[in-house]
Amino acid sequence: MAEPLDDTASPKQRFDTVLIANRGEIAARIQRACRELGLKTVAICSEADRQALYGKTAESFLCIGPANAAKSYLNQDAILLAARLTGAGAIHPGYGFLSESAAFSEAIEEAGLVFIGPETSSIATMGDKISAKRAMIAAGVPCVPGPDASLPDDPASIERIAQEIGYPVIIKAAGGGGGRGMRVVPEACSLHEAITLTREEARQAFGSPVLYMEKFLQHPRHIEIQVLCDTHGNAVWLGHRDCSMQRRHQKVVEEAPAPGISPDAIRPVGMACAEACRQIGYRGVGTFEFLYENGAFYFIEMNTRLQVEHPVTEMTSGIDIVHAQIRVAQGEPLDLLQNDVRCEGHSFECRINAEDPDSFLPSAGTIADLALPEGPGIRVDTHIHAGYRVSPYYDSLIAKLIVHAPIRAEAMAKMREALAATRVEGIATNLPLLRALFEDEAFVRGETDIHYLEQWLKQRR
Ligand code: ADP
């Protein structure tokens, strides 16, 4: 069983106030978890988010800068100052913004506060895709074929590497993220041009020209494994998710478990992920992302933070991932072993975005009226309400609709009903698209890959 609370845990790990360095639905979600654990919260906002309801329920609510995220939600000094002024003992970064910044986590710890996330060194290792791949290979996690080293400058050596891997290959920036800094090379004749373009892009976007190359998989699914680790050497995996439904590398619908992948096939991959966490001394929650093709898994990257789609795993595992994340940050050991983890039923999440369902242009404005679904097995994570003004400055995600039922077909039916009962008036949303998707036969059968949604959208035009 789990060991007793470690009395040697440093006193700085004990905190009673958490500053939430984020906005929107995830700020509301984290605040709920903190309050349930008896913790006080500090909410921050930009000038565009003063209306946030989580600001009203927080013990302190501070405006830290203008709407421009670079001057507010990405402003480390302003966030640290807010923490100091309010006496917060810990900072939760949520997702996006500064959540995967090693410099931010380091500054927080240097200020004597707790960063609710992994160690700075883990963020740095996983933030560099080459060092991440190296760490995964060392831990026995299967990776995409290709060297775990940066590309040399010499054209002849690059050609040799591509030939050894076999075309098509993909060139990726070691420091890349957000689906940028990648280029597919179908055949040898376009190799050098692709390298030059990607190197320049990487230099400009990520401040580093370092590239690597791997096999380009043509019809994979996107499968990911959620892990949870404490500071006492315990690491468990909480099942897997399928996030293949993407548009421009942005996930639109997620589900757990991934359809058609047997527990026996996924177990060794999950165990290898947990082992990798023990080897690198990983702390908190994280996600290993894989491409899955012809029955094989290939690691592509690790996200060292809470993810948007964490609720589908909460629904199937019954574990509150944000509670667990905060407890671990307080130095507590996990209160469960791998054998205690049970994944039951099936869960879907739909991301409701404030965007035009045809052009995908962001849609700002005031929500005139709002109806959200409710009932057994239905959860809505959101920060919006009637009268809320959706601002044009940030991500268009306004709500996540999550359902859970004993089997996939029932979860699908529940999602159809939930989508039908959802009404957002005053702005455009992608609800019509989500409703149509849940009627699509291939998706209903679970026969999709990472290109499916884009092809489906093209056919609808
Ligand atoms: P990012 O950090 O920018 O999200 P990832 O490495 O996670 O980059 O890749 C993003 C997406 O790019 C994947 O979900 C997949 O759609 C595609 N991709 C990445 N690597 C490969 C590959 N080797 N073969 C095919 N598609 C890939």
# chains A, B, ... in the order shown; residues from 1 in each chain; ligands from 1
>>> residues_near_ligand(ligand="ligand 1", cutoff="10 Å", atoms="only C-alpha atoms and all ligand atoms", output="compact mmCIF listing (two decimals) with N, CA and C atoms, in the first residue's frame")
# COMPACT_ATOMS: atom_id res chain seq x y z
N GLY A 127 11.10 19.28 -23.38
CA GLY A 127 10.88 20.40 -24.29
C GLY A 127 11.77 20.32 -25.51
N ASP A 128 12.86 19.57 -25.40
CA ASP A 128 13.73 19.34 -26.55
C ASP A 128 13.38 17.95 -27.08
N LYS A 129 12.84 17.91 -28.29
CA LYS A 129 12.30 16.64 -28.77
C LYS A 129 13.37 15.57 -28.99
N CYS A 143 9.76 4.34 -30.23
CA CYS A 143 9.79 5.66 -30.88
C CYS A 143 9.68 5.53 -32.39
N VAL A 144 9.41 6.64 -33.06
CA VAL A 144 9.35 6.66 -34.53
C VAL A 144 10.75 6.36 -35.06
N PRO A 145 10.91 5.48 -36.09
CA PRO A 145 12.24 5.19 -36.63
C PRO A 145 12.95 6.47 -37.08
N GLY A 146 14.22 6.57 -36.75
CA GLY A 146 15.02 7.76 -37.08
C GLY A 146 15.99 8.01 -35.93
N PRO A 168 8.52 8.29 -47.27
CA PRO A 168 8.61 9.69 -46.86
C PRO A 168 9.20 9.87 -45.46
N VAL A 169 9.89 11.00 -45.27
CA VAL A 169 10.43 11.32 -43.94
C VAL A 169 9.81 12.65 -43.50
N ILE A 170 9.99 12.98 -42.23
CA ILE A 170 9.51 14.28 -41.74
C ILE A 170 10.68 14.96 -41.03
N ILE A 171 10.85 16.25 -41.35
CA ILE A 171 11.90 17.05 -40.71
C ILE A 171 11.22 17.81 -39.58
N LYS A 172 11.79 17.75 -38.39
CA LYS A 172 11.15 18.44 -37.26
C LYS A 172 12.16 19.28 -36.49
N ALA A 173 11.68 20.41 -35.99
CA ALA A 173 12.52 21.27 -35.15
C ALA A 173 12.58 20.66 -33.76
N ALA A 174 13.80 20.55 -33.20
CA ALA A 174 13.96 19.95 -31.87
C ALA A 174 13.18 20.75 -30.82
N GLY A 175 13.12 22.06 -31.04
CA GLY A 175 12.43 22.91 -30.06
C GLY A 175 11.01 23.26 -30.47
N GLY A 176 10.46 22.54 -31.44
CA GLY A 176 9.15 22.88 -32.01
C GLY A 176 7.99 22.60 -31.08
N GLY A 177 6.84 23.16 -31.44
CA GLY A 177 5.63 22.94 -30.65
C GLY A 177 4.44 23.53 -31.37
N GLY A 178 3.25 23.14 -30.93
CA GLY A 178 2.03 23.71 -31.50
C GLY A 178 1.85 23.35 -32.96
N GLY A 179 2.39 22.21 -33.37
CA GLY A 179 2.22 21.75 -34.75
C GLY A 179 3.04 22.53 -35.76
N ARG A 180 3.96 23.39 -35.27
CA ARG A 180 4.78 24.16 -36.22
C ARG A 180 6.21 23.63 -36.23
N GLY A 181 6.95 24.03 -37.29
CA GLY A 181 8.34 23.59 -37.38
C GLY A 181 8.47 22.15 -37.83
N MET A 182 7.61 21.75 -38.77
CA MET A 182 7.66 20.38 -39.28
C MET A 182 7.44 20.42 -40.78
N ARG A 183 8.10 19.52 -41.50
CA ARG A 183 7.89 19.48 -42.95
C ARG A 183 8.04 18.04 -43.44
N VAL A 184 7.06 17.60 -44.22
CA VAL A 184 7.11 16.24 -44.76
C VAL A 184 7.91 16.25 -46.05
N MET A 213 15.27 14.19 -37.92
CA MET A 213 14.48 13.56 -38.99
C MET A 213 13.94 12.23 -38.52
N GLU A 214 12.71 11.93 -38.93
CA GLU A 214 12.18 10.59 -38.64
C GLU A 214 11.25 10.14 -39.76
N LYS A 215 10.85 8.89 -39.67
CA LYS A 215 9.93 8.32 -40.67
C LYS A 215 8.61 9.07 -40.60
N PHE A 216 8.04 9.39 -41.75
CA PHE A 216 6.70 9.99 -41.76
C PHE A 216 5.68 8.87 -41.87
N LEU A 217 4.85 8.75 -40.86
CA LEU A 217 3.82 7.71 -40.87
C LEU A 217 2.59 8.26 -41.60
N GLN A 218 2.05 7.47 -42.53
CA GLN A 218 1.05 8.06 -43.43
C GLN A 218 -0.37 8.07 -42.90
N HIS A 219 -0.76 7.04 -42.17
CA HIS A 219 -2.15 7.01 -41.69
C HIS A 219 -2.25 6.62 -40.22
N PRO A 220 -1.52 7.32 -39.37
CA PRO A 220 -1.56 6.91 -37.96
C PRO A 220 -2.76 7.48 -37.22
N ARG A 221 -3.02 6.91 -36.07
CA ARG A 221 -3.95 7.53 -35.12
C ARG A 221 -3.11 8.18 -34.03
N HIS A 222 -3.70 9.17 -33.34
CA HIS A 222 -3.00 9.84 -32.25
C HIS A 222 -3.52 9.23 -30.93
N ILE A 223 -2.64 8.52 -30.26
CA ILE A 223 -3.01 7.86 -29.00
C ILE A 223 -2.11 8.41 -27.90
N CYS A 243 -6.98 10.84 -29.68
CA CYS A 243 -7.20 12.26 -30.03
C CYS A 243 -6.91 12.45 -31.51
N SER A 244 -7.37 11.52 -32.32
CA SER A 244 -7.07 11.58 -33.76
C SER A 244 -7.88 12.65 -34.48
N MET A 245 -9.02 13.04 -33.90
CA MET A 245 -9.89 14.02 -34.56
C MET A 245 -9.30 15.42 -34.44
N GLN A 246 -8.48 15.78 -35.41
CA GLN A 246 -7.76 17.05 -35.34
C GLN A 246 -7.95 17.85 -36.60
N ARG A 247 -7.90 19.17 -36.43
CA ARG A 247 -7.85 20.08 -37.58
C ARG A 247 -6.65 20.98 -37.35
N ARG A 248 -5.76 21.01 -38.30
CA ARG A 248 -4.52 21.76 -38.19
C ARG A 248 -3.80 21.45 -36.87
N HIS A 249 -3.69 20.18 -36.56
CA HIS A 249 -3.03 19.69 -35.35
C HIS A 249 -3.73 20.12 -34.07
N GLN A 250 -4.93 20.70 -34.18
CA GLN A 250 -5.69 21.05 -32.99
C GLN A 250 -6.75 19.98 -32.77
N LYS A 251 -6.77 19.42 -31.56
CA LYS A 251 -7.75 18.37 -31.28
C LYS A 251 -9.14 18.97 -31.17
N PHE A 288 2.18 11.14 -22.51
CA PHE A 288 3.04 10.63 -23.58
C PHE A 288 2.18 10.52 -24.84
N GLU A 289 2.61 11.21 -25.90
CA GLU A 289 1.85 11.16 -27.15
C GLU A 289 2.51 10.17 -28.11
N PHE A 290 1.65 9.35 -28.72
CA PHE A 290 2.12 8.34 -29.66
C PHE A 290 1.36 8.43 -30.98
N LEU A 291 2.03 8.03 -32.05
CA LEU A 291 1.31 7.73 -33.27
C LEU A 291 1.15 6.21 -33.27
N TYR A 292 0.01 5.75 -33.79
CA TYR A 292 -0.30 4.32 -33.76
C TYR A 292 -0.68 3.90 -35.17
N GLU A 293 0.10 2.99 -35.72
CA GLU A 293 -0.16 2.55 -37.11
C GLU A 293 0.14 1.07 -37.22
N TYR A 298 4.35 4.53 -31.66
CA TYR A 298 5.60 5.28 -31.85
C TYR A 298 5.51 6.58 -31.06
N PHE A 299 6.38 6.74 -30.06
CA PHE A 299 6.39 7.96 -29.25
C PHE A 299 6.72 9.18 -30.11
N ILE A 300 5.99 10.28 -29.96
CA ILE A 300 6.38 11.52 -30.64
C ILE A 300 6.77 12.63 -29.67
N GLU A 301 6.05 12.77 -28.57
CA GLU A 301 6.49 13.78 -27.60
C GLU A 301 5.78 13.60 -26.27
N MET A 302 6.34 14.27 -25.25
CA MET A 302 5.68 14.26 -23.94
C MET A 302 5.25 15.67 -23.59
N ASN A 303 4.03 15.81 -23.09
CA ASN A 303 3.56 17.11 -22.58
C ASN A 303 3.69 17.07 -21.06
N ASP A 449 -8.30 8.25 -38.70
CA ASP A 449 -6.89 8.50 -38.40
C ASP A 449 -6.71 10.01 -38.27
N ILE A 450 -5.45 10.46 -38.14
CA ILE A 450 -5.25 11.89 -37.85
C ILE A 450 -5.62 12.80 -39.04
N HIS A 451 -5.82 12.23 -40.23
CA HIS A 451 -6.20 13.05 -41.39
C HIS A 451 -7.70 13.06 -41.63
>>> residues_around(residues="Ile30 in chain A", least_positions_apart="3", cutoff="9 Å", atoms="only C-alpha atoms", output="count of residues only")
11
>>> residues_around(residues="Ala78 in chain A", least_positions_apart="5", cutoff="8 Å", atoms="only C-alpha atoms", output="list in words")
Ile64, Gly65 and Ser72 of chain A
>>> closest_residue(among="A:Glu332, A:Glu201, A:Asp242, A:Glu441", to="Glu349 in chain A", atoms="only C-alpha atoms")
A:Asp242
>>> closest_residue(among="A:Leu39, A:Val269, A:Met415, A:Ala188", to="Glu254 in chain A", atoms="only C-alpha atoms")
A:Met415
>>> atom_distance(atom1="CA of Glu224 in chain A", atom2="CA of Leu419 in chain A")
25.0 Å
>>> closest_residue(among="A:Asn22, A:Ser101, A:Ser391, A:Gln307", to="Cys63 in chain A", atoms="only C-alpha atoms")
A:Asn22
>>> closest_residue(among="A:Leu211, A:Ile378, A:Ala69, A:Ala274", to="Met412 in chain A", atoms="only C-alpha atoms")
A:Ile378
>>> residues_around(residues="Ala442 in chain A", least_positions_apart="3", cutoff="12 Å", atoms="only C-alpha atoms", output="JSON, numbers by chain")
{"A": [245, 437, 438, 439, 445, 446, 447, 448, 449, 452, 453, 456]}
>>> residues_around(residues="Phe348 in chain A", least_positions_apart="6", cutoff="8 Å", atoms="only C-alpha atoms", output="ChimeraX atom specification")
/A:253-256,312,402-404,411-412,415
>>> write_last_selection(atoms="N, CA and C atoms", output="PDB file, in the first residue's frame")
ATOM      1  N   VAL A 253     -12.198  16.481 -30.932  1.00  0.00           N
ATOM      2  CA  VAL A 253     -12.928  15.495 -30.125  1.00  0.00           C
ATOM      3  C   VAL A 253     -11.906  14.514 -29.574  1.00  0.00           C
ATOM      4  N   GLU A 254     -12.053  14.148 -28.302  1.00  0.00           N
ATOM      5  CA  GLU A 254     -11.168  13.149 -27.720  1.00  0.00           C
ATOM      6  C   GLU A 254     -12.002  12.063 -27.055  1.00  0.00           C
ATOM      7  N   GLU A 255     -11.439  10.879 -26.932  1.00  0.00           N
ATOM      8  CA  GLU A 255     -12.164   9.819 -26.243  1.00  0.00           C
ATOM      9  C   GLU A 255     -11.239   8.904 -25.478  1.00  0.00           C
ATOM     10  N   ALA A 256     -11.804   8.262 -24.465  1.00  0.00           N
ATOM     11  CA  ALA A 256     -11.061   7.269 -23.694  1.00  0.00           C
ATOM     12  C   ALA A 256     -12.003   6.111 -23.409  1.00  0.00           C
ATOM     13  N   VAL A 312     -11.597  13.189 -19.962  1.00  0.00           N
ATOM     14  CA  VAL A 312     -12.055  11.851 -20.410  1.00  0.00           C
ATOM     15  C   VAL A 312     -11.385  10.758 -19.585  1.00  0.00           C
ATOM     16  N   ILE A 402     -18.401  16.861 -21.871  1.00  0.00           N
ATOM     17  CA  ILE A 402     -17.816  15.542 -21.608  1.00  0.00           C
ATOM     18  C   ILE A 402     -18.932  14.582 -21.196  1.00  0.00           C
ATOM     19  N   VAL A 403     -18.913  13.384 -21.764  1.00  0.00           N
ATOM     20  CA  VAL A 403     -19.923  12.388 -21.370  1.00  0.00           C
ATOM     21  C   VAL A 403     -19.227  11.081 -20.996  1.00  0.00           C
ATOM     22  N   HIS A 404     -19.941  10.268 -20.224  1.00  0.00           N
ATOM     23  CA  HIS A 404     -19.423   8.963 -19.813  1.00  0.00           C
ATOM     24  C   HIS A 404     -20.578   7.970 -19.780  1.00  0.00           C
ATOM     25  N   ALA A 411     -22.099   6.061 -25.040  1.00  0.00           N
ATOM     26  CA  ALA A 411     -21.471   7.370 -24.828  1.00  0.00           C
ATOM     27  C   ALA A 411     -21.714   8.267 -26.042  1.00  0.00           C
ATOM     28  N   MET A 412     -21.689   7.653 -27.224  1.00  0.00           N
ATOM     29  CA  MET A 412     -21.961   8.431 -28.443  1.00  0.00           C
ATOM     30  C   MET A 412     -23.386   8.963 -28.450  1.00  0.00           C
ATOM     31  N   MET A 415     -23.650  11.772 -26.104  1.00  0.00           N
ATOM     32  CA  MET A 415     -23.045  13.001 -26.629  1.00  0.00           C
ATOM     33  C   MET A 415     -23.982  13.654 -27.652  1.00  0.00           C
TER      34      MET A 415
END
>>> closest_residue(among="A:Gly87, A:Pro268, A:Pro186, A:Pro406", to="Ala162 in chain A", atoms="only C-alpha atoms")
A:Pro186
>>> closest_residue(among="A:Gln163, A:Gln31, A:Gln51, A:Thr231", to="Ala329 in chain A", atoms="only C-alpha atoms")
A:Thr231
>>> residues_around(residues="Thr120 in chain A", least_positions_apart="5", cutoff="7 Å", atoms="only C-alpha atoms", output="JSON, numbers by chain")
{"A": [102, 105, 106]}
>>> write_last_selection(atoms="N, CA and C atoms", output="tab-separated table (two decimals), in the first residue's frame")
chain	number	residue	atom	x	y	z
A	102	ALA	N	10.42	26.07	-18.79
A	102	ALA	CA	11.38	25.69	-17.74
A	102	ALA	C	11.83	26.95	-16.99
A	105	SER	N	9.14	27.79	-14.31
A	105	SER	CA	9.14	26.90	-13.14
A	105	SER	C	10.37	27.17	-12.28
A	106	GLU	N	11.47	27.47	-12.93
A	106	GLU	CA	12.71	27.76	-12.19
A	106	GLU	C	12.55	29.05	-11.37
>>> residues_around(residues="range 357-361 of chain A", least_positions_apart="5", cutoff="10 Å", atoms="only C-alpha atoms", output="VMD selection string")
chain A and resid 396 428 to 434 457 460 to 461
>>> select_by_dssp(residues="range 264-426 of chain A", states="strand (DSSP E or B)", output="VMD selection string")
chain A and resid 284 to 293 296 to 303 346 to 353 355 362 365 to 366 369 to 371 378 to 382 389 to 390 397 to 405 423 to 425
>>> write_last_selection(atoms="N, CA and C atoms", output="compact mmCIF listing (two decimals), in the first residue's frame")
# COMPACT_ATOMS: atom_id res chain seq x y z
N GLY A 284 4.37 14.74 -10.82
CA GLY A 284 3.10 15.37 -11.24
C GLY A 284 2.44 14.62 -12.38
N VAL A 285 1.68 15.34 -13.19
CA VAL A 285 0.96 14.70 -14.29
C VAL A 285 1.67 14.97 -15.61
N GLY A 286 1.47 14.09 -16.55
CA GLY A 286 2.09 14.27 -17.86
C GLY A 286 1.42 13.37 -18.87
N THR A 287 1.69 13.62 -20.12
CA THR A 287 1.09 12.82 -21.19
C THR A 287 2.14 12.42 -22.21
N PHE A 288 2.18 11.14 -22.51
CA PHE A 288 3.04 10.63 -23.58
C PHE A 288 2.18 10.52 -24.84
N GLU A 289 2.61 11.21 -25.90
CA GLU A 289 1.85 11.16 -27.15
C GLU A 289 2.51 10.17 -28.11
N PHE A 290 1.65 9.35 -28.72
CA PHE A 290 2.12 8.34 -29.66
C PHE A 290 1.36 8.43 -30.98
N LEU A 291 2.03 8.03 -32.05
CA LEU A 291 1.31 7.73 -33.27
C LEU A 291 1.15 6.21 -33.27
N TYR A 292 0.01 5.75 -33.79
CA TYR A 292 -0.30 4.32 -33.76
C TYR A 292 -0.68 3.90 -35.17
N GLU A 293 0.10 2.99 -35.72
CA GLU A 293 -0.16 2.55 -37.11
C GLU A 293 0.14 1.07 -37.22
N ALA A 296 1.28 -0.84 -34.16
CA ALA A 296 2.50 -0.46 -33.42
C ALA A 296 2.39 0.98 -32.92
N PHE A 297 3.03 1.23 -31.77
CA PHE A 297 3.03 2.57 -31.16
C PHE A 297 4.38 3.23 -31.36
N TYR A 298 4.35 4.53 -31.66
CA TYR A 298 5.60 5.28 -31.85
C TYR A 298 5.51 6.58 -31.06
N PHE A 299 6.38 6.74 -30.06
CA PHE A 299 6.39 7.96 -29.25
C PHE A 299 6.72 9.18 -30.11
N ILE A 300 5.99 10.28 -29.96
CA ILE A 300 6.38 11.52 -30.64
C ILE A 300 6.77 12.63 -29.67
N GLU A 301 6.05 12.77 -28.57
CA GLU A 301 6.49 13.78 -27.60
C GLU A 301 5.78 13.60 -26.27
N MET A 302 6.34 14.27 -25.25
CA MET A 302 5.68 14.26 -23.94
C MET A 302 5.25 15.67 -23.59
N ASN A 303 4.03 15.81 -23.09
CA ASN A 303 3.56 17.11 -22.58
C ASN A 303 3.69 17.07 -21.06
N HIS A 346 -16.81 4.34 -21.20
CA HIS A 346 -16.25 5.08 -22.33
C HIS A 346 -16.61 6.55 -22.18
N SER A 347 -15.66 7.42 -22.53
CA SER A 347 -15.90 8.86 -22.39
C SER A 347 -15.51 9.60 -23.66
N PHE A 348 -16.31 10.62 -24.00
CA PHE A 348 -15.98 11.53 -25.11
C PHE A 348 -15.89 12.94 -24.57
N GLU A 349 -15.05 13.74 -25.23
CA GLU A 349 -15.04 15.18 -24.96
C GLU A 349 -15.16 15.92 -26.29
N CYS A 350 -16.03 16.92 -26.34
CA CYS A 350 -16.11 17.81 -27.50
C CYS A 350 -15.63 19.18 -27.07
N ARG A 351 -14.77 19.77 -27.88
CA ARG A 351 -14.32 21.13 -27.60
C ARG A 351 -15.25 22.10 -28.32
N ILE A 352 -15.97 22.88 -27.55
CA ILE A 352 -16.85 23.88 -28.17
C ILE A 352 -16.04 25.16 -28.33
N ASN A 353 -15.87 25.55 -29.59
CA ASN A 353 -15.05 26.72 -29.89
C ASN A 353 -15.92 27.86 -30.40
N GLU A 355 -16.11 29.90 -32.94
CA GLU A 355 -15.57 30.08 -34.29
C GLU A 355 -16.65 29.76 -35.30
N PRO A 362 -12.29 33.02 -35.81
CA PRO A 362 -12.74 33.20 -34.43
C PRO A 362 -13.95 34.13 -34.38
N GLY A 365 -17.74 38.23 -29.24
CA GLY A 365 -19.03 38.88 -29.03
C GLY A 365 -19.64 38.46 -27.71
N THR A 366 -20.85 38.94 -27.47
CA THR A 366 -21.50 38.66 -26.19
C THR A 366 -22.43 37.45 -26.31
N ASP A 369 -27.56 34.19 -24.90
CA ASP A 369 -28.28 33.18 -24.13
C ASP A 369 -27.50 31.88 -24.20
N LEU A 370 -27.68 31.06 -23.17
CA LEU A 370 -26.87 29.85 -23.08
C LEU A 370 -27.69 28.73 -22.45
N ALA A 371 -27.68 27.55 -23.09
CA ALA A 371 -28.30 26.37 -22.46
C ALA A 371 -27.27 25.26 -22.48
N ILE A 378 -22.94 13.37 -17.58
CA ILE A 378 -22.65 14.56 -18.41
C ILE A 378 -21.91 15.59 -17.57
N ARG A 379 -20.85 16.14 -18.14
CA ARG A 379 -20.06 17.15 -17.42
C ARG A 379 -19.74 18.27 -18.41
N VAL A 380 -19.82 19.49 -17.93
CA VAL A 380 -19.45 20.64 -18.77
C VAL A 380 -18.40 21.44 -18.02
N ASP A 381 -17.24 21.62 -18.61
CA ASP A 381 -16.20 22.46 -18.03
C ASP A 381 -16.20 23.77 -18.80
N THR A 382 -16.56 24.84 -18.14
CA THR A 382 -16.64 26.12 -18.85
C THR A 382 -16.50 27.29 -17.89
N ARG A 389 -18.74 38.15 -22.39
CA ARG A 389 -18.19 38.64 -23.66
C ARG A 389 -16.98 37.81 -24.05
N VAL A 390 -17.10 37.09 -25.16
CA VAL A 390 -15.97 36.28 -25.66
C VAL A 390 -15.00 37.25 -26.33
N LEU A 397 -11.53 28.26 -27.37
CA LEU A 397 -12.24 27.25 -26.57
C LEU A 397 -13.13 27.93 -25.52
N ILE A 398 -14.44 27.68 -25.58
CA ILE A 398 -15.32 28.31 -24.58
C ILE A 398 -15.95 27.28 -23.63
N ALA A 399 -15.99 26.02 -24.03
CA ALA A 399 -16.55 25.00 -23.14
C ALA A 399 -16.13 23.62 -23.62
N LYS A 400 -16.07 22.70 -22.66
CA LYS A 400 -15.80 21.30 -23.01
C LYS A 400 -17.00 20.49 -22.53
N LEU A 401 -17.53 19.72 -23.46
CA LEU A 401 -18.68 18.89 -23.16
C LEU A 401 -18.16 17.47 -23.03
N ILE A 402 -18.40 16.86 -21.87
CA ILE A 402 -17.82 15.54 -21.61
C ILE A 402 -18.93 14.58 -21.20
N VAL A 403 -18.91 13.38 -21.76
CA VAL A 403 -19.92 12.39 -21.37
C VAL A 403 -19.23 11.08 -21.00
N HIS A 404 -19.94 10.27 -20.22
CA HIS A 404 -19.42 8.96 -19.81
C HIS A 404 -20.58 7.97 -19.78
N ALA A 405 -20.36 6.79 -20.36
CA ALA A 405 -21.39 5.74 -20.36
C ALA A 405 -20.68 4.39 -20.35
N ARG A 423 -27.03 25.08 -26.38
CA ARG A 423 -27.36 26.24 -27.21
C ARG A 423 -26.51 27.42 -26.78
N VAL A 424 -25.79 28.00 -27.72
CA VAL A 424 -24.99 29.19 -27.41
C VAL A 424 -25.44 30.27 -28.39
N GLU A 425 -26.13 31.28 -27.88
CA GLU A 425 -26.68 32.33 -28.76
C GLU A 425 -25.81 33.58 -28.72
>>> decode(residues="range 354-390 of chain A", atoms="C-alpha atoms", output="PDB file, in the first residue's frame")
ATOM      1  CA  ALA A 354     -16.200  30.277 -30.568  1.00  0.00           C
ATOM      2  CA  GLU A 355     -15.570  30.081 -34.290  1.00  0.00           C
ATOM      3  CA  ASP A 356     -17.431  30.056 -37.554  1.00  0.00           C
ATOM      4  CA  PRO A 357     -18.247  26.388 -38.363  1.00  0.00           C
ATOM      5  CA  ASP A 358     -17.392  26.912 -42.051  1.00  0.00           C
ATOM      6  CA  SER A 359     -14.572  29.446 -42.197  1.00  0.00           C
ATOM      7  CA  PHE A 360     -13.153  28.637 -38.722  1.00  0.00           C
ATOM      8  CA  LEU A 361     -12.588  32.343 -38.139  1.00  0.00           C
ATOM      9  CA  PRO A 362     -12.742  33.203 -34.428  1.00  0.00           C
ATOM     10  CA  SER A 363     -16.064  34.651 -33.375  1.00  0.00           C
ATOM     11  CA  ALA A 364     -15.989  37.252 -30.613  1.00  0.00           C
ATOM     12  CA  GLY A 365     -19.034  38.877 -29.031  1.00  0.00           C
ATOM     13  CA  THR A 366     -21.503  38.658 -26.188  1.00  0.00           C
ATOM     14  CA  ILE A 367     -23.266  35.411 -25.343  1.00  0.00           C
ATOM     15  CA  ALA A 368     -26.907  36.447 -25.449  1.00  0.00           C
ATOM     16  CA  ASP A 369     -28.279  33.177 -24.132  1.00  0.00           C
ATOM     17  CA  LEU A 370     -26.872  29.847 -23.081  1.00  0.00           C
ATOM     18  CA  ALA A 371     -28.300  26.374 -22.457  1.00  0.00           C
ATOM     19  CA  LEU A 372     -26.017  23.621 -21.228  1.00  0.00           C
ATOM     20  CA  PRO A 373     -26.905  19.921 -20.981  1.00  0.00           C
ATOM     21  CA  GLU A 374     -27.151  18.078 -17.687  1.00  0.00           C
ATOM     22  CA  GLY A 375     -27.925  14.608 -16.405  1.00  0.00           C
ATOM     23  CA  PRO A 376     -26.095  11.449 -15.306  1.00  0.00           C
ATOM     24  CA  GLY A 377     -22.756  10.994 -17.058  1.00  0.00           C
ATOM     25  CA  ILE A 378     -22.653  14.558 -18.409  1.00  0.00           C
ATOM     26  CA  ARG A 379     -20.058  17.146 -17.424  1.00  0.00           C
ATOM     27  CA  VAL A 380     -19.452  20.643 -18.766  1.00  0.00           C
ATOM     28  CA  ASP A 381     -16.198  22.461 -18.026  1.00  0.00           C
ATOM     29  CA  THR A 382     -16.636  26.116 -18.847  1.00  0.00           C
ATOM     30  CA  HIS A 383     -16.181  29.684 -17.689  1.00  0.00           C
ATOM     31  CA  ILE A 384     -18.924  31.240 -19.839  1.00  0.00           C
ATOM     32  CA  HIS A 385     -22.439  32.370 -18.937  1.00  0.00           C
ATOM     33  CA  ALA A 386     -25.203  34.429 -20.527  1.00  0.00           C
ATOM     34  CA  GLY A 387     -23.898  37.975 -20.883  1.00  0.00           C
ATOM     35  CA  TYR A 388     -20.252  36.809 -21.050  1.00  0.00           C
ATOM     36  CA  ARG A 389     -18.189  38.645 -23.657  1.00  0.00           C
ATOM     37  CA  VAL A 390     -15.972  36.284 -25.656  1.00  0.00           C
TER      38      VAL A 390
END
